[in-house]
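This is my_file_1.txt. It holds compact mmCIF, C-alpha atoms.
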# COMPACT_ATOMS: atom_id res chain seq x y z
CA MET A 1225 -181.38 55.15 -40.22
CA SER A 1226 -179.22 58.22 -40.04
CA ALA A 1227 -178.05 60.45 -42.85
CA SER A 1228 -174.95 62.54 -42.80
CA SER A 1229 -172.90 64.06 -45.51
CA ASP A 1230 -169.25 64.84 -46.02
CA SER A 1231 -166.61 64.52 -48.69
CA ALA A 1232 -165.35 61.03 -49.52
CA SER A 1233 -162.86 61.13 -52.31
CA PRO A 1234 -161.03 57.88 -52.87
CA ASN A 1235 -157.55 58.08 -51.39
CA PHE A 1236 -155.41 57.22 -54.41
CA ALA A 1237 -152.24 58.11 -52.49
CA ALA A 1238 -152.87 54.94 -50.44
CA GLY A 1239 -153.21 52.84 -53.58
CA VAL A 1240 -151.07 50.08 -54.98
CA PRO A 1241 -148.18 51.18 -57.19
CA CYS A 1242 -148.61 50.18 -60.84
CA GLU A 1243 -145.38 48.75 -62.13
CA ALA A 1244 -146.26 49.64 -65.74
CA SER A 1245 -147.13 53.31 -65.25
CA GLY A 1246 -146.11 54.51 -61.78
CA ASP A 1247 -149.77 55.35 -61.01
CA ARG A 1248 -151.33 54.51 -57.67
CA LEU A 1249 -154.31 52.21 -58.17
CA LEU A 1250 -157.30 51.30 -56.03
CA PRO A 1251 -159.40 48.16 -56.38
CA ALA A 1252 -162.82 48.78 -57.90
CA ILE A 1253 -165.54 46.15 -57.56
CA ALA A 1254 -168.46 46.09 -59.99
CA GLN A 1255 -171.69 44.64 -58.62
CA ASP A 1256 -174.86 44.10 -60.66
CA ALA A 1257 -177.27 46.78 -59.43
CA THR A 1258 -180.26 44.48 -59.86
CA SER A 1259 -179.14 40.96 -58.95
CA GLY A 1260 -176.39 41.90 -56.48
CA ARG A 1261 -173.98 39.53 -58.19
CA VAL A 1262 -170.33 40.57 -58.02
CA LEU A 1263 -169.33 40.85 -61.67
CA MET A 1264 -165.63 41.70 -61.61
CA MET A 1265 -162.79 43.44 -59.83
CA ALA A 1266 -160.53 45.82 -61.69
CA TRP A 1267 -158.34 48.83 -60.88
CA MET A 1268 -158.78 52.58 -61.09
CA ASN A 1269 -156.36 55.46 -61.04
CA GLN A 1270 -157.53 59.02 -60.43
CA THR A 1271 -158.17 59.62 -64.13
CA ALA A 1272 -160.28 56.47 -64.51
CA TYR A 1273 -162.30 57.41 -61.42
CA ASP A 1274 -162.85 60.98 -62.61
CA GLU A 1275 -163.98 59.82 -66.05
CA THR A 1276 -166.31 57.25 -64.47
CA MET A 1277 -167.90 59.95 -62.29
CA GLN A 1278 -168.22 62.37 -65.21
CA THR A 1279 -169.60 59.97 -67.81
CA GLY A 1280 -171.54 57.45 -65.73
CA ARG A 1281 -169.76 54.64 -67.58
CA ALA A 1282 -167.22 52.43 -65.81
CA VAL A 1283 -163.62 53.22 -66.77
CA TYR A 1284 -160.77 51.23 -65.27
CA PHE A 1285 -156.99 51.26 -65.52
CA SER A 1286 -155.29 48.20 -66.91
CA ARG A 1287 -152.40 47.17 -64.67
CA SER A 1288 -150.93 44.96 -67.39
CA ARG A 1289 -151.27 47.45 -70.25
CA GLY A 1290 -150.60 50.52 -68.11
CA LYS A 1291 -153.42 52.55 -69.63
CA LEU A 1292 -157.08 53.49 -69.30
CA TRP A 1293 -159.58 50.76 -70.04
CA ARG A 1294 -163.03 51.97 -71.04
CA LYS A 1295 -165.03 48.87 -70.23
CA GLY A 1296 -166.91 47.64 -73.29
CA GLU A 1297 -164.88 49.68 -75.79
CA THR A 1298 -164.08 46.56 -77.82
CA SER A 1299 -166.86 44.17 -76.80
CA GLY A 1300 -169.75 46.62 -76.43
CA HIS A 1301 -170.23 45.19 -72.93
CA GLN A 1302 -170.39 48.53 -71.17
CA GLN A 1303 -171.35 49.20 -67.57
CA THR A 1304 -173.71 52.04 -66.71
CA VAL A 1305 -172.93 53.18 -63.19
CA ARG A 1306 -175.95 53.52 -60.89
CA LYS A 1307 -174.15 54.16 -57.62
CA VAL A 1308 -170.59 54.70 -56.40
CA GLN A 1309 -169.53 53.75 -52.88
CA VAL A 1310 -166.21 53.93 -51.06
CA ASP A 1311 -165.19 51.91 -48.06
CA CYS A 1312 -164.30 53.11 -44.58
CA ASP A 1313 -160.67 53.79 -45.49
CA ALA A 1314 -161.61 55.28 -48.89
CA ASP A 1315 -159.19 52.87 -50.54
CA THR A 1316 -161.66 50.56 -52.28
CA ILE A 1317 -164.44 51.56 -54.69
CA LEU A 1318 -167.72 49.71 -55.17
CA LEU A 1319 -169.79 50.36 -58.29
CA GLN A 1320 -173.42 49.36 -58.67
CA VAL A 1321 -173.81 48.87 -62.41
CA ASP A 1322 -176.15 47.86 -65.18
CA GLN A 1323 -174.10 45.45 -67.26
CA ILE A 1324 -174.64 45.11 -71.00
CA GLY A 1325 -173.83 41.58 -72.15
CA ALA A 1326 -171.19 39.64 -70.25
CA ALA A 1327 -168.88 41.26 -67.70
CA CYS A 1328 -166.20 38.61 -68.24
CA HIS A 1329 -163.95 38.49 -71.28
CA GLU A 1330 -164.44 34.73 -71.24
CA GLY A 1331 -168.12 35.25 -72.02
CA TYR A 1332 -169.58 34.55 -68.58
CA ALA A 1333 -172.00 36.92 -66.87
CA SER A 1334 -169.49 37.35 -64.03
CA CYS A 1335 -165.74 36.82 -63.85
CA PHE A 1336 -166.44 34.76 -60.72
CA PHE A 1337 -167.83 31.73 -62.52
CA ARG A 1338 -165.68 29.17 -60.71
CA THR A 1339 -166.20 27.82 -57.21
CA VAL A 1340 -163.17 26.36 -55.47
CA ALA A 1341 -163.50 23.42 -53.08
CA ALA A 1342 -161.29 22.79 -50.06
CA ASP A 1343 -159.21 20.32 -52.10
CA GLY A 1344 -158.46 23.01 -54.70
CA SER A 1345 -160.76 21.60 -57.38
CA ALA A 1346 -162.90 24.11 -59.24
CA THR A 1347 -166.41 23.80 -60.61
CA VAL A 1348 -168.09 25.89 -63.28
CA GLU A 1349 -171.82 25.86 -62.64
CA GLU A 1350 -173.03 28.13 -65.40
CA ALA A 1351 -172.92 28.45 -69.17
CA ARG A 1352 -171.32 31.30 -71.11
CA LEU A 1353 -173.67 34.10 -72.10
CA VAL A 1354 -171.71 34.79 -75.25
CA ASN A 1355 -168.93 33.22 -77.27
CA PRO A 1356 -165.77 35.29 -76.66
CA ALA A 1357 -164.73 34.73 -80.28
CA ASP A 1358 -167.81 36.67 -81.35
CA VAL A 1359 -167.00 39.83 -79.40
CA TYR A 1360 -163.20 40.21 -79.21
CA MET B 82 -176.20 25.09 -67.31
CA SER B 83 -172.94 23.26 -67.78
CA ALA B 84 -170.63 21.87 -65.13
CA SER B 85 -166.95 21.27 -65.55
CA SER B 86 -164.16 20.82 -63.09
CA ASP B 87 -160.48 21.66 -62.99
CA SER B 88 -157.97 23.15 -60.62
CA ALA B 89 -158.24 26.86 -59.85
CA SER B 90 -155.66 27.91 -57.34
CA PRO B 91 -155.35 31.65 -56.90
CA ASN B 92 -152.30 32.93 -58.74
CA PHE B 93 -150.43 34.69 -55.94
CA ALA B 94 -147.39 35.20 -58.20
CA ALA B 95 -149.54 37.75 -60.09
CA GLY B 96 -150.40 39.57 -56.89
CA VAL B 97 -149.51 43.01 -55.66
CA PRO B 98 -146.22 43.29 -53.77
CA CYS B 99 -146.67 44.10 -50.08
CA GLU B 100 -144.23 46.82 -49.09
CA ALA B 101 -144.26 45.72 -45.43
CA SER B 102 -143.54 42.01 -45.93
CA GLY B 103 -142.49 41.28 -49.52
CA ASP B 104 -145.48 38.93 -49.91
CA ARG B 105 -147.58 38.96 -53.05
CA LEU B 106 -151.18 39.77 -52.21
CA LEU B 107 -154.48 39.28 -54.00
CA PRO B 108 -157.68 41.23 -53.36
CA ALA B 109 -160.31 39.24 -51.50
CA ILE B 110 -163.93 40.43 -51.49
CA ALA B 111 -166.31 39.30 -48.76
CA GLN B 112 -169.98 39.20 -49.75
CA ASP B 113 -172.83 38.38 -47.38
CA ALA B 114 -173.98 34.89 -48.42
CA THR B 115 -177.61 35.71 -47.61
CA SER B 116 -178.19 39.34 -48.56
CA GLY B 117 -175.58 39.60 -51.31
CA ARG B 118 -174.26 42.82 -49.83
CA VAL B 119 -170.55 43.44 -50.40
CA LEU B 120 -169.15 43.69 -46.89
CA MET B 121 -165.47 44.51 -47.35
CA MET B 122 -162.36 44.12 -49.46
CA ALA B 123 -159.12 42.97 -47.90
CA TRP B 124 -155.96 41.17 -49.00
CA MET B 125 -154.74 37.60 -48.83
CA ASN B 126 -151.33 36.03 -49.20
CA GLN B 127 -150.92 32.30 -49.79
CA THR B 128 -150.86 31.57 -46.05
CA ALA B 129 -154.07 33.51 -45.38
CA TYR B 130 -155.80 31.74 -48.26
CA ASP B 131 -154.64 28.31 -47.10
CA GLU B 132 -155.79 28.94 -43.54
CA THR B 133 -159.15 30.23 -44.79
CA MET B 134 -159.65 27.07 -46.86
CA GLN B 135 -158.60 24.82 -43.99
CA THR B 136 -160.59 26.46 -41.20
CA GLY B 137 -163.63 27.85 -43.01
CA ARG B 138 -163.03 31.20 -41.28
CA ALA B 139 -161.88 34.23 -43.25
CA VAL B 140 -158.22 35.09 -42.70
CA TYR B 141 -156.67 38.07 -44.44
CA PHE B 142 -153.22 39.65 -44.59
CA SER B 143 -152.87 43.19 -43.31
CA ARG B 144 -150.94 45.31 -45.81
CA SER B 145 -150.27 47.99 -43.20
CA ARG B 146 -149.24 45.66 -40.39
CA GLY B 147 -147.55 43.12 -42.66
CA LYS B 148 -149.05 40.12 -40.90
CA LEU B 149 -151.97 37.70 -40.88
CA TRP B 150 -155.31 39.11 -39.80
CA ARG B 151 -157.76 36.57 -38.48
CA LYS B 152 -160.98 38.50 -39.00
CA GLY B 153 -162.87 38.88 -35.72
CA GLU B 154 -159.92 37.95 -33.51
CA THR B 155 -160.32 41.16 -31.51
CA SER B 156 -163.93 42.11 -32.18
CA GLY B 157 -165.52 38.66 -32.31
CA HIS B 158 -166.93 39.66 -35.69
CA GLN B 159 -165.84 36.52 -37.50
CA GLN B 160 -166.78 35.42 -41.00
CA THR B 161 -167.77 31.83 -41.68
CA VAL B 162 -166.96 31.06 -45.30
CA ARG B 163 -169.77 29.39 -47.26
CA LYS B 164 -168.24 29.51 -50.73
CA VAL B 165 -164.94 30.52 -52.32
CA GLN B 166 -164.76 31.74 -55.91
CA VAL B 167 -161.89 32.97 -58.06
CA ASP B 168 -162.14 35.17 -61.10
CA CYS B 169 -161.19 34.36 -64.70
CA ASP B 170 -157.54 35.33 -64.19
CA ALA B 171 -157.40 33.66 -60.75
CA ASP B 172 -156.09 36.90 -59.29
CA THR B 173 -159.11 37.98 -57.26
CA ILE B 174 -160.91 35.95 -54.60
CA LEU B 175 -164.61 36.24 -53.72
CA LEU B 176 -165.86 34.82 -50.43
CA GLN B 177 -169.52 34.20 -49.65
CA VAL B 178 -169.68 34.56 -45.88
CA ASP B 179 -171.92 34.53 -42.85
CA GLN B 180 -170.89 37.63 -40.94
CA ILE B 181 -171.13 37.80 -37.16
CA GLY B 182 -171.79 41.37 -36.00
CA ALA B 183 -170.43 44.20 -38.12
CA ALA B 184 -167.95 43.67 -40.95
CA CYS B 185 -166.61 47.21 -40.63
CA HIS B 186 -164.32 48.36 -37.83
CA GLU B 187 -166.36 51.56 -37.74
CA GLY B 188 -169.36 49.53 -36.59
CA TYR B 189 -171.33 49.44 -39.83
CA ALA B 190 -172.68 46.23 -41.35
CA SER B 191 -170.55 46.85 -44.44
CA CYS B 192 -167.43 48.93 -45.01
CA PHE B 193 -169.26 50.42 -47.99
CA PHE B 194 -171.61 52.61 -45.98
CA ARG B 195 -170.97 55.79 -47.95
CA THR B 196 -172.37 56.71 -51.34
CA VAL B 197 -170.46 59.28 -53.36
CA ALA B 198 -172.26 61.75 -55.62
CA ALA B 199 -170.87 63.20 -58.85
CA ASP B 200 -169.85 66.38 -56.99
CA GLY B 201 -167.75 64.32 -54.54
CA SER B 202 -170.13 64.67 -51.60
CA ALA B 203 -170.79 61.52 -49.57
CA THR B 204 -173.93 60.35 -47.85
CA VAL B 205 -174.26 57.80 -45.06
CA GLU B 206 -177.70 56.21 -45.29
CA GLU B 207 -177.53 53.72 -42.47
CA ALA B 208 -176.87 53.56 -38.75
CA ARG B 209 -174.02 51.72 -37.06
CA LEU B 210 -174.83 48.20 -35.89
CA VAL B 211 -172.44 48.48 -32.98
CA ASN B 212 -170.40 51.14 -31.23
CA PRO B 213 -166.76 50.59 -32.22
CA ALA B 214 -165.67 51.64 -28.73
CA ASP B 215 -167.51 48.60 -27.37
CA VAL B 216 -165.65 46.02 -29.47
CA TYR B 217 -162.09 47.27 -30.04
Since I need it in another form, could you write the structure as structure tokens?
Amino acid sequence: MSASSDSASPNFAAGVPCEASGDRLLPAIAQDATSGRVLMMAWMNQTAYDETMQTGRAVYFSRSRGKLWRKGETSGHQQTVRKVQVDCDADTILLQVDQIGAACHEGYASCFFRTVAADGSATVEEARLVNPADVY
Amino acid sequence: MSASSDSASPNFAAGVPCEASGDRLLPAIAQDATSGRVLMMAWMNQTAYDETMQTGRAVYFSRSRGKLWRKGETSGHQQTVRKVQVDCDADTILLQVDQIGAACHEGYASCFFRTVAADGSATVEEARLVNPADVY
């Protein structure tokens, strides 16, 4: 174990251009801080990242809607951020979160509820936590 | 628990345009199949995905170099793919892998070796597994 410290701001200039807004976006992965399950992948711009760091609640940027997306604003399924990590190139963000309710808008605990076989067939091996019609 | 089955091909048409090649790319997350640690995030085009599914070895597409990147080709640090999952929108791919050596080109087990504090300072809490100069 070694410990060193320096600055590690995400490099938004290296991000993906958002066609809707002109922002540069970086992928942000949310992982359950307790179970280690990968819950979802979404995008952040600088503003979403800054608000996430300031509030401790995950805020993303919707590529399709071209605006900030405060996770859980509609559903109540917020994410409390326990830890923020950046990768070696500082162009991907990893959040360790406590997830309220279901991360997925389809009502599953994780957006990754389907396993794909080599022949392209997919299997869902879990039940929904909530009925999407009840929360959206 | 419920089990259902359908087709779930990643939707590359919804991917991010690659400036170097014109391909559409989707984010692909590699997670250690045993520990659950998120190892890295990279990109796939259709060809990289198809080769991954066919060979059981992770193949990505390098945005910067604009070509296929067979993980471990230079370093020997290959990833054997145990499970492939897609998210609800079929625009992000999650691989459960067995990682040989270090996932990160900087020699760390995971590319996410830095934790960022609210003030922007970063801390590295682990040692390198390998010396990058020995493998690249």
Please superimpose chain B on chain A using every C-alpha atom, paired by order, in a least-squares fit, and write the moved chain as a PDB file with C-alpha atoms, in the coordinates of the input.
ATOM      1  CA  MET B  82    -181.463  55.153 -40.182  1.00  0.00           C
ATOM      2  CA  SER B  83    -179.267  58.210 -40.013  1.00  0.00           C
ATOM      3  CA  ALA B  84    -178.064  60.390 -42.857  1.00  0.00           C
ATOM      4  CA  SER B  85    -174.971  62.514 -42.811  1.00  0.00           C
ATOM      5  CA  SER B  86    -172.915  64.054 -45.539  1.00  0.00           C
ATOM      6  CA  ASP B  87    -169.262  64.864 -46.044  1.00  0.00           C
ATOM      7  CA  SER B  88    -166.619  64.533 -48.698  1.00  0.00           C
ATOM      8  CA  ALA B  89    -165.358  61.046 -49.523  1.00  0.00           C
ATOM      9  CA  SER B  90    -162.856  61.139 -52.313  1.00  0.00           C
ATOM     10  CA  PRO B  91    -161.026  57.880 -52.871  1.00  0.00           C
ATOM     11  CA  ASN B  92    -157.547  58.069 -51.392  1.00  0.00           C
ATOM     12  CA  PHE B  93    -155.410  57.211 -54.413  1.00  0.00           C
ATOM     13  CA  ALA B  94    -152.225  58.101 -52.497  1.00  0.00           C
ATOM     14  CA  ALA B  95    -152.869  54.923 -50.452  1.00  0.00           C
ATOM     15  CA  GLY B  96    -153.199  52.835 -53.586  1.00  0.00           C
ATOM     16  CA  VAL B  97    -151.060  50.076 -54.983  1.00  0.00           C
ATOM     17  CA  PRO B  98    -148.183  51.184 -57.214  1.00  0.00           C
ATOM     18  CA  CYS B  99    -148.628  50.172 -60.854  1.00  0.00           C
ATOM     19  CA  GLU B 100    -145.379  48.732 -62.158  1.00  0.00           C
ATOM     20  CA  ALA B 101    -146.259  49.627 -65.768  1.00  0.00           C
ATOM     21  CA  SER B 102    -147.144  53.300 -65.259  1.00  0.00           C
ATOM     22  CA  GLY B 103    -146.137  54.493 -61.783  1.00  0.00           C
ATOM     23  CA  ASP B 104    -149.785  55.349 -61.027  1.00  0.00           C
ATOM     24  CA  ARG B 105    -151.329  54.500 -57.685  1.00  0.00           C
ATOM     25  CA  LEU B 106    -154.305  52.210 -58.162  1.00  0.00           C
ATOM     26  CA  LEU B 107    -157.290  51.286 -56.025  1.00  0.00           C
ATOM     27  CA  PRO B 108    -159.399  48.142 -56.372  1.00  0.00           C
ATOM     28  CA  ALA B 109    -162.806  48.774 -57.899  1.00  0.00           C
ATOM     29  CA  ILE B 110    -165.550  46.152 -57.557  1.00  0.00           C
ATOM     30  CA  ALA B 111    -168.456  46.093 -59.995  1.00  0.00           C
ATOM     31  CA  GLN B 112    -171.691  44.639 -58.624  1.00  0.00           C
ATOM     32  CA  ASP B 113    -174.849  44.107 -60.662  1.00  0.00           C
ATOM     33  CA  ALA B 114    -177.264  46.796 -59.426  1.00  0.00           C
ATOM     34  CA  THR B 115    -180.258  44.485 -59.870  1.00  0.00           C
ATOM     35  CA  SER B 116    -179.130  40.979 -58.950  1.00  0.00           C
ATOM     36  CA  GLY B 117    -176.386  41.923 -56.495  1.00  0.00           C
ATOM     37  CA  ARG B 118    -173.981  39.541 -58.181  1.00  0.00           C
ATOM     38  CA  VAL B 119    -170.324  40.579 -58.018  1.00  0.00           C
ATOM     39  CA  LEU B 120    -169.328  40.867 -61.660  1.00  0.00           C
ATOM     40  CA  MET B 121    -165.624  41.709 -61.608  1.00  0.00           C
ATOM     41  CA  MET B 122    -162.777  43.439 -59.827  1.00  0.00           C
ATOM     42  CA  ALA B 123    -160.521  45.825 -61.690  1.00  0.00           C
ATOM     43  CA  TRP B 124    -158.336  48.828 -60.885  1.00  0.00           C
ATOM     44  CA  MET B 125    -158.783  52.572 -61.098  1.00  0.00           C
ATOM     45  CA  ASN B 126    -156.352  55.456 -61.051  1.00  0.00           C
ATOM     46  CA  GLN B 127    -157.515  59.017 -60.420  1.00  0.00           C
ATOM     47  CA  THR B 128    -158.165  59.614 -64.127  1.00  0.00           C
ATOM     48  CA  ALA B 129    -160.289  56.473 -64.503  1.00  0.00           C
ATOM     49  CA  TYR B 130    -162.297  57.403 -61.416  1.00  0.00           C
ATOM     50  CA  ASP B 131    -162.842  60.971 -62.610  1.00  0.00           C
ATOM     51  CA  GLU B 132    -163.979  59.826 -66.044  1.00  0.00           C
ATOM     52  CA  THR B 133    -166.314  57.255 -64.480  1.00  0.00           C
ATOM     53  CA  MET B 134    -167.896  59.947 -62.295  1.00  0.00           C
ATOM     54  CA  GLN B 135    -168.215  62.361 -65.205  1.00  0.00           C
ATOM     55  CA  THR B 136    -169.594  59.963 -67.809  1.00  0.00           C
ATOM     56  CA  GLY B 137    -171.541  57.451 -65.724  1.00  0.00           C
ATOM     57  CA  ARG B 138    -169.753  54.638 -67.585  1.00  0.00           C
ATOM     58  CA  ALA B 139    -167.220  52.437 -65.819  1.00  0.00           C
ATOM     59  CA  VAL B 140    -163.623  53.210 -66.769  1.00  0.00           C
ATOM     60  CA  TYR B 141    -160.776  51.219 -65.272  1.00  0.00           C
ATOM     61  CA  PHE B 142    -156.987  51.268 -65.521  1.00  0.00           C
ATOM     62  CA  SER B 143    -155.295  48.187 -66.914  1.00  0.00           C
ATOM     63  CA  ARG B 144    -152.394  47.154 -64.680  1.00  0.00           C
ATOM     64  CA  SER B 145    -150.921  44.956 -67.409  1.00  0.00           C
ATOM     65  CA  ARG B 146    -151.286  47.435 -70.256  1.00  0.00           C
ATOM     66  CA  GLY B 147    -150.615  50.507 -68.116  1.00  0.00           C
ATOM     67  CA  LYS B 148    -153.427  52.536 -69.638  1.00  0.00           C
ATOM     68  CA  LEU B 149    -157.086  53.476 -69.295  1.00  0.00           C
ATOM     69  CA  TRP B 150    -159.596  50.750 -70.052  1.00  0.00           C
ATOM     70  CA  ARG B 151    -163.020  51.968 -71.048  1.00  0.00           C
ATOM     71  CA  LYS B 152    -165.033  48.861 -70.239  1.00  0.00           C
ATOM     72  CA  GLY B 153    -166.912  47.633 -73.310  1.00  0.00           C
ATOM     73  CA  GLU B 154    -164.891  49.681 -75.795  1.00  0.00           C
ATOM     74  CA  THR B 155    -164.089  46.561 -77.817  1.00  0.00           C
ATOM     75  CA  SER B 156    -166.856  44.177 -76.795  1.00  0.00           C
ATOM     76  CA  GLY B 157    -169.743  46.620 -76.418  1.00  0.00           C
ATOM     77  CA  HIS B 158    -170.229  45.193 -72.933  1.00  0.00           C
ATOM     78  CA  GLN B 159    -170.401  48.540 -71.174  1.00  0.00           C
ATOM     79  CA  GLN B 160    -171.348  49.216 -67.570  1.00  0.00           C
ATOM     80  CA  THR B 161    -173.699  52.054 -66.706  1.00  0.00           C
ATOM     81  CA  VAL B 162    -172.921  53.182 -63.173  1.00  0.00           C
ATOM     82  CA  ARG B 163    -175.953  53.538 -60.891  1.00  0.00           C
ATOM     83  CA  LYS B 164    -174.164  54.165 -57.604  1.00  0.00           C
ATOM     84  CA  VAL B 165    -170.602  54.698 -56.393  1.00  0.00           C
ATOM     85  CA  GLN B 166    -169.543  53.757 -52.871  1.00  0.00           C
ATOM     86  CA  VAL B 167    -166.215  53.922 -51.064  1.00  0.00           C
ATOM     87  CA  ASP B 168    -165.181  51.898 -48.067  1.00  0.00           C
ATOM     88  CA  CYS B 169    -164.297  53.121 -44.568  1.00  0.00           C
ATOM     89  CA  ASP B 170    -160.658  53.791 -45.480  1.00  0.00           C
ATOM     90  CA  ALA B 171    -161.606  55.279 -48.876  1.00  0.00           C
ATOM     91  CA  ASP B 172    -159.198  52.875 -50.541  1.00  0.00           C
ATOM     92  CA  THR B 173    -161.662  50.561 -52.268  1.00  0.00           C
ATOM     93  CA  ILE B 174    -164.425  51.565 -54.676  1.00  0.00           C
ATOM     94  CA  LEU B 175    -167.716  49.702 -55.170  1.00  0.00           C
ATOM     95  CA  LEU B 176    -169.790  50.374 -58.277  1.00  0.00           C
ATOM     96  CA  GLN B 177    -173.424  49.353 -58.654  1.00  0.00           C
ATOM     97  CA  VAL B 178    -173.809  48.870 -62.394  1.00  0.00           C
ATOM     98  CA  ASP B 179    -176.151  47.869 -65.171  1.00  0.00           C
ATOM     99  CA  GLN B 180    -174.102  45.461 -67.251  1.00  0.00           C
ATOM    100  CA  ILE B 181    -174.641  45.116 -70.988  1.00  0.00           C
ATOM    101  CA  GLY B 182    -173.831  41.580 -72.156  1.00  0.00           C
ATOM    102  CA  ALA B 183    -171.179  39.652 -70.257  1.00  0.00           C
ATOM    103  CA  ALA B 184    -168.881  41.257 -67.691  1.00  0.00           C
ATOM    104  CA  CYS B 185    -166.199  38.622 -68.233  1.00  0.00           C
ATOM    105  CA  HIS B 186    -163.945  38.494 -71.284  1.00  0.00           C
ATOM    106  CA  GLU B 187    -164.420  34.729 -71.234  1.00  0.00           C
ATOM    107  CA  GLY B 188    -168.102  35.255 -72.016  1.00  0.00           C
ATOM    108  CA  TYR B 189    -169.570  34.572 -68.586  1.00  0.00           C
ATOM    109  CA  ALA B 190    -171.994  36.933 -66.858  1.00  0.00           C
ATOM    110  CA  SER B 191    -169.493  37.355 -64.023  1.00  0.00           C
ATOM    111  CA  CYS B 192    -165.742  36.821 -63.833  1.00  0.00           C
ATOM    112  CA  PHE B 193    -166.437  34.763 -60.713  1.00  0.00           C
ATOM    113  CA  PHE B 194    -167.823  31.732 -62.516  1.00  0.00           C
ATOM    114  CA  ARG B 195    -165.684  29.178 -60.700  1.00  0.00           C
ATOM    115  CA  THR B 196    -166.194  27.828 -57.204  1.00  0.00           C
ATOM    116  CA  VAL B 197    -163.169  26.369 -55.457  1.00  0.00           C
ATOM    117  CA  ALA B 198    -163.494  23.421 -53.079  1.00  0.00           C
ATOM    118  CA  ALA B 199    -161.288  22.780 -50.047  1.00  0.00           C
ATOM    119  CA  ASP B 200    -159.209  20.297 -52.078  1.00  0.00           C
ATOM    120  CA  GLY B 201    -158.459  22.998 -54.686  1.00  0.00           C
ATOM    121  CA  SER B 202    -160.755  21.596 -57.368  1.00  0.00           C
ATOM    122  CA  ALA B 203    -162.906  24.113 -59.243  1.00  0.00           C
ATOM    123  CA  THR B 204    -166.406  23.789 -60.596  1.00  0.00           C
ATOM    124  CA  VAL B 205    -168.084  25.888 -63.275  1.00  0.00           C
ATOM    125  CA  GLU B 206    -171.828  25.861 -62.649  1.00  0.00           C
ATOM    126  CA  GLU B 207    -173.034  28.118 -65.412  1.00  0.00           C
ATOM    127  CA  ALA B 208    -172.900  28.456 -69.176  1.00  0.00           C
ATOM    128  CA  ARG B 209    -171.303  31.297 -71.111  1.00  0.00           C
ATOM    129  CA  LEU B 210    -173.656  34.105 -72.107  1.00  0.00           C
ATOM    130  CA  VAL B 211    -171.695  34.804 -75.257  1.00  0.00           C
ATOM    131  CA  ASN B 212    -168.910  33.229 -77.273  1.00  0.00           C
ATOM    132  CA  PRO B 213    -165.772  35.304 -76.658  1.00  0.00           C
ATOM    133  CA  ALA B 214    -164.710  34.738 -80.266  1.00  0.00           C
ATOM    134  CA  ASP B 215    -167.804  36.668 -81.354  1.00  0.00           C
ATOM    135  CA  VAL B 216    -167.015  39.844 -79.401  1.00  0.00           C
ATOM    136  CA  TYR B 217    -163.224  40.248 -79.237  1.00  0.00           C
TER     137      TYR B 217
END
Could you build a table of the residues in chain B lying no more than 8 Å from chain A, giving for each the nearest pair of atoms and their separation in Å rounded to one decimal place, using only C-alpha atoms, ordered by chain and ascending residue number, as a tab-separated table?
residue	atom	partner	partner_atom	distance
B:Met82	CA	A:Glu1350	CA	4.8
B:Ser83	CA	A:Ala1351	CA	5.4
B:Ala84	CA	A:Glu1349	CA	4.9
B:Ser85	CA	A:Val1348	CA	5.3
B:Ser86	CA	A:Thr1347	CA	4.5
B:Asp87	CA	A:Ala1346	CA	5.1
B:Ser88	CA	A:Ser1345	CA	4.5
B:Ala89	CA	A:Ala1346	CA	5.4
B:Ser90	CA	A:Gly1344	CA	6.2
B:Val97	CA	A:Val1240	CA	7.3
B:Pro108	CA	A:Pro1251	CA	7.8
B:Gly117	CA	A:Gly1260	CA	5.7
B:Arg118	CA	A:Gly1260	CA	7.0
B:Met121	CA	A:Asp1311	CA	7.4
B:Met122	CA	A:Thr1316	CA	7.1
B:Met134	CA	A:Ala1342	CA	5.6
B:Gln135	CA	A:Ala1342	CA	6.9
B:Lys164	CA	A:Thr1339	CA	7.0
B:Val165	CA	A:Val1340	CA	5.5
B:Gln166	CA	A:Thr1339	CA	4.4
B:Val167	CA	A:Phe1336	CA	5.6
B:Asp168	CA	A:Phe1336	CA	4.3
B:Cys169	CA	A:Cys1335	CA	5.2
B:Thr173	CA	A:Met1265	CA	7.1
B:Leu175	CA	A:Phe1336	CA	7.4
B:Cys185	CA	A:Cys1312	CA	7.5
B:Glu187	CA	A:Cys1312	CA	7.3
B:Cys192	CA	A:Asp1311	CA	4.8
B:Phe193	CA	A:Asp1311	CA	4.3
B:Phe194	CA	A:Asp1311	CA	6.8
B:Arg195	CA	A:Gln1309	CA	5.5
B:Thr196	CA	A:Gln1309	CA	4.4
B:Val197	CA	A:Val1308	CA	5.5
B:Ala198	CA	A:Val1308	CA	7.3
B:Ala199	CA	A:Met1277	CA	5.6
B:Gly201	CA	A:Ser1231	CA	6.0
B:Ser202	CA	A:Ser1231	CA	4.6
B:Ala203	CA	A:Asp1230	CA	5.1
B:Thr204	CA	A:Ser1229	CA	4.5
B:Val205	CA	A:Ala1227	CA	5.1
B:Glu206	CA	A:Ala1227	CA	4.9
B:Glu207	CA	A:Met1225	CA	4.7
B:Ala208	CA	A:Met1225	CA	5.0
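From CA of Ala1257 in chain A back to CA of Gln1320 in chain A, the distance works out to 4.7 Å.
Using only C-alpha atoms, the nearest neighbour of Val1321 in chain A within the list A:Val1283, A:Trp1267, A:Arg1248, A:Ala1357 is A:Val1283.
Atom pair CA of Val216 in chain B / CA of Leu1250 in chain A has a distance of 28.3 Å (rounded to one decimal).
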Excluding range 1284-1288 of chain A and residues on its chain fewer than 3 positions from it, collect all residues at most 8 Å away from it, counting only C-alpha atoms, and give them as a count of residues only.
15
To one decimal place in Å, what is the distance between CA of Leu210 in chain B and CA of Gly182 in chain B?
7.5 Å
